[in-house]
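Structure, as structure tokens:
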There are 2 protein chains.
Amino acid sequence: MPPLPLFTGLSAFPLTPADEAGRVDTDALQTLLARIVDSKARSIGLLGSTGTYMYLSRAERLRAVEAAVEGVAGRLPIIVGIGALRTDEAAQLARDAAGAGADALLLAPVSYTPLTQDEVFEHFATVAAATDLPLCIYNNPSTTHFVFGEDLIRRLAGLPRVMAVKMPLPKEMAFSTEIARLRSRTADDFAIGYSGDWGAAAALLAGADAWYSVVGGLFPKPAAALVEAAQSGDPAATARIDQSFAPLWALFQAHGSLRVIYAALNLLNLSQAAPPRPILPLDRTNLPEVEAAIAGLAGE
Amino acid sequence: MPPLPLFTGLSAFPLTPADEAGRVDTDALQTLLARIVDSKARSIGLLGSTGTYMYLSRAERLRAVEAAVEGVAGRLPIIVGIGALRTDEAAQLARDAAGAGADALLLAPVSYTPLTQDEVFEHFATVAAATDLPLCIYNNPSTTHFVFGEDLIRRLAGLPRVMAVKMPLPKEMAFSTEIARLRSRTADDFAIGYSGDWGAAAALLAGADAWYSVVGGLFPKPAAALVEAAQSGDPAATARIDQSFAPLWALFQAHGSLRVIYAALNLLNLSQAAPPRPILPLDRTNLPEVEAAIAGLAGE
């Protein structure tokens, strides 16, 4: 069996515009979602790291899911981030998302006290059992500081409903090597996708099933074009589109993708929302660079 | 001016016993606090990492502070951990603690999205201004993954009410070198203390003002004896007491101090509370080692 379609292709991760007190601007969120629906994205990654899920209350996370389900109206599947420090809270967030009409869940092992491999296994087993929705493992050590062993991914992939993994850019091996190792440890219907936007072209050309994309949340058309070029096996076209993103990747690496994508949101006049404090908006002196970077996007 | 007394000597960090749903057992907490009051500790570090502050709701954190203020009844100052991912939440927790009668605050730069030095500065400036209480910088990269530059500590120490820092064990220099560098950058009344229990003896002998201690939360008498020996300049007595803790330090390093100290709590029959999931209790097979380690504590 092939992977579930919603865990393949471009998964676009929008920001969650909110005011200073953390109240979600559902109109602005729906505006962002409409841009994604109007593209060739295969899914929406709502309340991912880019969607600042860890900075929003349970009530606001539910409001965001409800607004997304209403706005998208079934035209694209919605994968909802449900990470939380406590297992019972993550399970409750999963039930909230399922009850509001989400199509799938995305779970990161958010930590304060560093967690063991067994603790993360039990955490995922409990949360995956809380609903009937398919679940994607959110492997994001830059925010969670948890490192998944390959054996843990194998064990998790054997749990009911755990159908996909969102991997960070590999540090020690080529994409093709890592993907082959993961495929050898997981079933045929287990989907392997990548985040880390500047590595997406290489990951997709090496056979990744999906790109979980920050840039896709705001610029879904050129991001979907990149996926289409890579997954149809056209390295030259892929490189051309990737090249158009290069100034943005450089800014992501210098300032963090979240700060840059908020600046782009503001420059596009889609919302004047700022990131949640303590995260500060990008310094004004960097805005001309952001403006130039987004002006150069192919197909936007 | 010398540092504030409450930021010197032994600061004992108790667990916060709670049920599976995260409701604090205030009776069990008061039992732990009574042991600390009955020792030569100089302060209580309530709701530190050992007190699982990040796993408790705002309401439960307030209940813990209220129970502590009632139980301690002014016999020892109470320093309260107020860390949170959002700046507005940390400021609110600071106001809650101040309103309930806390004597000082302890603030860690808890992060999900990695923070910049400037973001942490602004975060601390806002939270320190939220109350009139003195504040200790909680520098704990093993849980927050934020690395304080020396210049940031200097800038923070210049803020009103920021009177102390709780440092992790240094990785790249001797305690004496690090303490001298920090003293050269901060005022005479700025207190420099250390956490990381197995380095406490060396830190105190090198002139640290305080030991912010996990073990002190459950075994305050031998921990206070270690501080007294070191701060009175008796390396032989310090080494003797430190040696009695050695089996416990080995267990802390192997399993994490939190899991071990919960096991010790249970073995002492002070509470059968477990750590908040996803953190799992220590495996039963390790309990005899914990039992042996705590049986050997001098003065307990």
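So you can find residues: chains in the structure tokens are A, B, ... in the order shown, residues in each start at 1, and ligands are numbered from 1 in order.
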
Quick one: everything within 7 Å of stretch 46-56 of chain A, counting only C-alpha atoms, minus sequence neighbours fewer than 6 positions away in the same chain. Send it as a PyMOL selection string.
(chain A and resi 13-16+22+78-81+214+258+276) or (chain B and resi 85-86)

Store the residues picked out above, limited to N, CA, C and O atoms, as an mmCIF file, in the first residue's frame.
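What landed in out.cif:
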```cif
data_model
loop_
_atom_site.group_PDB
_atom_site.id
_atom_site.type_symbol
_atom_site.label_atom_id
_atom_site.label_comp_id
_atom_site.auth_asym_id
_atom_site.auth_seq_id
_atom_site.Cartn_x
_atom_site.Cartn_y
_atom_site.Cartn_z
ATOM 1 N N PHE A 13 2.647 25.002 5.724
ATOM 2 C CA PHE A 13 2.529 25.356 7.150
ATOM 3 C C PHE A 13 2.323 26.857 7.318
ATOM 4 O O PHE A 13 3.286 27.617 7.318
ATOM 5 N N PRO A 14 1.071 27.294 7.490
ATOM 6 C CA PRO A 14 0.848 28.732 7.650
ATOM 7 C C PRO A 14 1.198 29.216 9.058
ATOM 8 O O PRO A 14 1.172 28.443 10.025
ATOM 9 N N LEU A 15 1.500 30.501 9.155
ATOM 10 C CA LEU A 15 1.527 31.186 10.437
ATOM 11 C C LEU A 15 0.127 31.166 11.037
ATOM 12 O O LEU A 15 -0.859 30.972 10.310
ATOM 13 N N THR A 16 0.023 31.397 12.323
ATOM 14 C CA THR A 16 -1.275 31.609 12.968
ATOM 15 C C THR A 16 -1.305 33.050 13.458
ATOM 16 O O THR A 16 -0.828 33.347 14.570
ATOM 17 N N GLY A 22 -2.282 36.697 22.404
ATOM 18 C CA GLY A 22 -2.376 35.311 21.958
ATOM 19 C C GLY A 22 -3.761 34.922 21.466
ATOM 20 O O GLY A 22 -4.068 33.730 21.380
ATOM 21 N N ILE A 78 -6.434 18.771 6.544
ATOM 22 C CA ILE A 78 -5.774 19.600 7.548
ATOM 23 C C ILE A 78 -5.100 18.703 8.584
ATOM 24 O O ILE A 78 -5.750 17.899 9.251
ATOM 25 N N ILE A 79 -3.772 18.850 8.674
ATOM 26 C CA ILE A 79 -2.969 18.139 9.678
ATOM 27 C C ILE A 79 -2.740 19.127 10.819
ATOM 28 O O ILE A 79 -2.268 20.239 10.580
ATOM 29 N N VAL A 80 -3.065 18.740 12.049
ATOM 30 C CA VAL A 80 -3.014 19.687 13.161
ATOM 31 C C VAL A 80 -1.930 19.308 14.170
ATOM 32 O O VAL A 80 -1.892 18.170 14.653
ATOM 33 N N GLY A 81 -1.083 20.269 14.487
ATOM 34 C CA GLY A 81 -0.054 20.069 15.512
ATOM 35 C C GLY A 81 -0.678 20.046 16.899
ATOM 36 O O GLY A 81 -1.434 20.955 17.253
ATOM 37 N N VAL A 214 7.657 25.621 5.582
ATOM 38 C CA VAL A 214 7.375 26.954 6.124
ATOM 39 C C VAL A 214 6.992 27.895 4.987
ATOM 40 O O VAL A 214 5.969 28.579 5.044
ATOM 41 N N LEU A 258 10.934 31.630 11.241
ATOM 42 C CA LEU A 258 9.711 32.212 11.810
ATOM 43 C C LEU A 258 9.732 33.742 11.738
ATOM 44 O O LEU A 258 8.756 34.367 11.304
ATOM 45 N N PRO A 276 4.758 35.820 18.739
ATOM 46 C CA PRO A 276 4.488 35.928 20.177
ATOM 47 C C PRO A 276 5.765 36.272 20.942
ATOM 48 O O PRO A 276 6.806 35.659 20.708
ATOM 49 N N LEU B 85 6.739 29.963 28.408
ATOM 50 C CA LEU B 85 7.154 30.210 27.032
ATOM 51 C C LEU B 85 6.826 31.636 26.583
ATOM 52 O O LEU B 85 7.566 32.222 25.819
ATOM 53 N N ARG B 86 5.699 32.153 27.018
ATOM 54 C CA ARG B 86 5.264 33.496 26.608
ATOM 55 C C ARG B 86 5.676 34.524 27.662
ATOM 56 O O ARG B 86 5.548 34.287 28.864
#
```

How close does chain A get to chain B? List, as a Markdown table, each residue of chain A within 7 Å, its nearest atom pair and the distance in Å to one decimal, counting only C-alpha atoms.
```
| residue | atom | partner | partner_atom | distance |
| --- | --- | --- | --- | --- |
| A:Tyr55 | CA | B:Arg86 | CA | 6.3 |
| A:Leu85 | CA | B:Tyr55 | CA | 6.6 |
| A:Arg86 | CA | B:Arg277 | CA | 5.8 |
| A:Thr87 | CA | B:Pro278 | CA | 5.4 |
| A:Tyr112 | CA | B:Thr143 | CA | 5.0 |
| A:Thr113 | CA | B:Thr143 | CA | 5.7 |
| A:Pro114 | CA | B:Thr143 | CA | 6.7 |
| A:Leu115 | CA | B:Ile279 | CA | 6.7 |
| A:Glu119 | CA | B:Pro278 | CA | 5.6 |
| A:Val120 | CA | B:Pro278 | CA | 6.9 |
| A:His123 | CA | B:Pro278 | CA | 5.5 |
| A:Thr143 | CA | B:Tyr112 | CA | 5.1 |
| A:Thr144 | CA | B:Tyr112 | CA | 6.8 |
| A:Pro276 | CA | B:Arg86 | CA | 6.9 |
| A:Arg277 | CA | B:Thr87 | CA | 5.5 |
| A:Pro278 | CA | B:Thr87 | CA | 5.4 |
| A:Ile279 | CA | B:Glu119 | CA | 6.1 |
| A:Leu280 | CA | B:Glu119 | CA | 6.2 |
```

Could those residues be written to a file, using N, CA and C atoms, as an mmCIF file, in the first residue's frame?
```cif
data_model
loop_
_atom_site.group_PDB
_atom_site.id
_atom_site.type_symbol
_atom_site.label_atom_id
_atom_site.label_comp_id
_atom_site.auth_asym_id
_atom_site.auth_seq_id
_atom_site.Cartn_x
_atom_site.Cartn_y
_atom_site.Cartn_z
ATOM 1 N N TYR A 55 2.797 28.407 21.685
ATOM 2 C CA TYR A 55 2.575 29.714 22.313
ATOM 3 C C TYR A 55 1.089 30.056 22.422
ATOM 4 N N LEU A 85 3.728 19.706 26.521
ATOM 5 C CA LEU A 85 4.708 19.137 27.453
ATOM 6 C C LEU A 85 4.154 17.926 28.187
ATOM 7 N N ARG A 86 2.875 17.954 28.524
ATOM 8 C CA ARG A 86 2.255 16.864 29.287
ATOM 9 C C ARG A 86 1.555 15.901 28.337
ATOM 10 N N THR A 87 1.623 14.622 28.619
ATOM 11 C CA THR A 87 0.955 13.624 27.793
ATOM 12 C C THR A 87 -0.559 13.820 27.812
ATOM 13 N N TYR A 112 10.826 19.652 28.365
ATOM 14 C CA TYR A 112 11.561 20.567 29.257
ATOM 15 C C TYR A 112 12.626 19.695 29.942
ATOM 16 N N THR A 113 12.190 18.795 30.811
ATOM 17 C CA THR A 113 13.097 17.760 31.279
ATOM 18 C C THR A 113 13.435 16.866 30.081
ATOM 19 N N PRO A 114 14.721 16.662 29.777
ATOM 20 C CA PRO A 114 15.055 15.816 28.622
ATOM 21 C C PRO A 114 14.423 14.422 28.755
ATOM 22 N N LEU A 115 13.871 13.928 27.657
ATOM 23 C CA LEU A 115 13.123 12.669 27.664
ATOM 24 C C LEU A 115 13.967 11.502 27.147
ATOM 25 N N GLU A 119 10.272 7.003 27.079
ATOM 26 C CA GLU A 119 9.262 7.990 27.472
ATOM 27 C C GLU A 119 8.542 8.545 26.242
ATOM 28 N N VAL A 120 9.302 8.814 25.186
ATOM 29 C CA VAL A 120 8.673 9.338 23.965
ATOM 30 C C VAL A 120 7.797 8.264 23.321
ATOM 31 N N HIS A 123 4.591 8.219 25.302
ATOM 32 C CA HIS A 123 3.869 9.469 25.018
ATOM 33 C C HIS A 123 3.103 9.339 23.700
ATOM 34 N N THR A 143 13.762 22.466 17.913
ATOM 35 C CA THR A 143 12.841 23.060 18.890
ATOM 36 C C THR A 143 12.602 22.150 20.094
ATOM 37 N N THR A 144 12.569 20.830 19.873
ATOM 38 C CA THR A 144 12.264 19.925 20.996
ATOM 39 C C THR A 144 13.524 19.451 21.697
ATOM 40 N N PRO A 276 4.758 35.820 18.739
ATOM 41 C CA PRO A 276 4.488 35.928 20.177
ATOM 42 C C PRO A 276 5.765 36.272 20.942
ATOM 43 N N ARG A 277 5.703 37.268 21.853
ATOM 44 C CA ARG A 277 6.854 37.553 22.713
ATOM 45 C C ARG A 277 7.122 36.352 23.605
ATOM 46 N N PRO A 278 8.360 36.014 23.845
ATOM 47 C CA PRO A 278 9.574 36.809 23.681
ATOM 48 C C PRO A 278 10.145 36.876 22.268
ATOM 49 N N ILE A 279 9.592 36.185 21.292
ATOM 50 C CA ILE A 279 10.158 36.255 19.943
ATOM 51 C C ILE A 279 9.895 37.662 19.392
ATOM 52 N N LEU A 280 10.945 38.296 18.896
ATOM 53 C CA LEU A 280 10.818 39.669 18.411
ATOM 54 C C LEU A 280 10.699 39.687 16.889
#
```

Distance criterion (only C-alpha atoms): nearest to B:Ala130 out of B:Ala180, B:Ile36, B:Ala91, B:Met163:
B:Ala91

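Residue neighbourhood of B:Ala225, excluding near-sequence residues (fewer than 2 positions): Lys40, Pro220, Lys221, Pro222, Ala223, Val227, Glu228, Ala229, Ala230, Thr238, Ile241, Ala298 and Gly299 of chain B, at 9 Å, using only C-alpha atoms.
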
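With atom CA of B:Glu150 on one side and atom CA of B:Ala191 on the other, the separation reads 14.8 Å.
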
List every residue of stretch 87-231 of chain B that DSSP, applied to the backbone of this structure, places in alpha helix (DSSP H), and write the result as a VMD selection string.
chain B and resid 87 to 100 117 to 128 141 to 144 150 to 157 175 to 185 200 to 205 214 to 218 220 to 231

Identify all residues of stretch 58-167 of chain A in strand (DSSP E) (DSSP on the backbone) and supply them as number ranges by chain.
A: 78-81, 104-107, 135-138, 162-167

Same residues, N, CA, C and O atoms, saved as a short mmCIF file (atom, residue, chain, number, x, y, z; two decimals), in the first residue's frame:
```
data_model
loop_
_atom_site.label_atom_id
_atom_site.label_comp_id
_atom_site.auth_asym_id
_atom_site.auth_seq_id
_atom_site.Cartn_x
_atom_site.Cartn_y
_atom_site.Cartn_z
N ILE A 78 -6.43 18.77 6.54
CA ILE A 78 -5.77 19.60 7.55
C ILE A 78 -5.10 18.70 8.58
O ILE A 78 -5.75 17.90 9.25
N ILE A 79 -3.77 18.85 8.67
CA ILE A 79 -2.97 18.14 9.68
C ILE A 79 -2.74 19.13 10.82
O ILE A 79 -2.27 20.24 10.58
N VAL A 80 -3.07 18.74 12.05
CA VAL A 80 -3.01 19.69 13.16
C VAL A 80 -1.93 19.31 14.17
O VAL A 80 -1.89 18.17 14.65
N GLY A 81 -1.08 20.27 14.49
CA GLY A 81 -0.05 20.07 15.51
C GLY A 81 -0.68 20.05 16.90
O GLY A 81 -1.43 20.95 17.25
N ALA A 104 -5.81 14.86 10.31
CA ALA A 104 -4.64 14.12 10.78
C ALA A 104 -3.97 14.95 11.87
O ALA A 104 -4.28 16.13 12.05
N LEU A 105 -3.05 14.29 12.58
CA LEU A 105 -2.37 14.93 13.71
C LEU A 105 -0.86 14.92 13.48
O LEU A 105 -0.33 14.03 12.81
N LEU A 106 -0.21 15.90 14.09
CA LEU A 106 1.24 16.04 14.00
C LEU A 106 1.74 16.21 15.43
O LEU A 106 1.34 17.15 16.12
N LEU A 107 2.58 15.27 15.87
CA LEU A 107 2.97 15.26 17.29
C LEU A 107 4.48 15.34 17.45
O LEU A 107 5.20 14.45 17.02
N LEU A 135 -1.58 9.83 12.33
CA LEU A 135 -0.66 10.71 13.06
C LEU A 135 0.71 10.70 12.39
O LEU A 135 1.22 9.66 11.98
N CYS A 136 1.29 11.89 12.30
CA CYS A 136 2.65 12.06 11.76
C CYS A 136 3.59 12.40 12.92
O CYS A 136 3.31 13.29 13.73
N ILE A 137 4.71 11.69 12.98
CA ILE A 137 5.75 11.97 13.98
C ILE A 137 6.47 13.25 13.57
O ILE A 137 6.97 13.37 12.45
N TYR A 138 6.51 14.20 14.50
CA TYR A 138 7.15 15.49 14.22
C TYR A 138 8.53 15.47 14.85
O TYR A 138 8.70 15.72 16.04
N VAL A 162 0.01 5.56 13.41
CA VAL A 162 1.23 6.34 13.17
C VAL A 162 1.69 6.03 11.75
O VAL A 162 2.20 4.94 11.47
N MET A 163 1.46 6.98 10.84
CA MET A 163 1.55 6.70 9.40
C MET A 163 2.62 7.50 8.69
O MET A 163 2.80 7.36 7.48
N ALA A 164 3.34 8.39 9.39
CA ALA A 164 4.27 9.27 8.68
C ALA A 164 5.27 9.86 9.66
O ALA A 164 5.04 9.89 10.87
N VAL A 165 6.37 10.33 9.10
CA VAL A 165 7.34 11.09 9.89
C VAL A 165 7.75 12.33 9.11
O VAL A 165 7.90 12.29 7.88
N LYS A 166 7.90 13.40 9.85
CA LYS A 166 8.43 14.67 9.32
C LYS A 166 9.82 14.79 9.89
O LYS A 166 10.00 15.00 11.09
N MET A 167 10.82 14.61 9.02
CA MET A 167 12.22 14.55 9.47
C MET A 167 12.90 15.91 9.32
O MET A 167 12.57 16.69 8.43
#
```

Can you pull out every residue within 6 Å of A:Ala210, counting only C-alpha atoms, but drop anything in the same chain fewer than 3 positions away, and send it as JSON, numbers by chain?
{"A": [8, 9, 10, 193]}
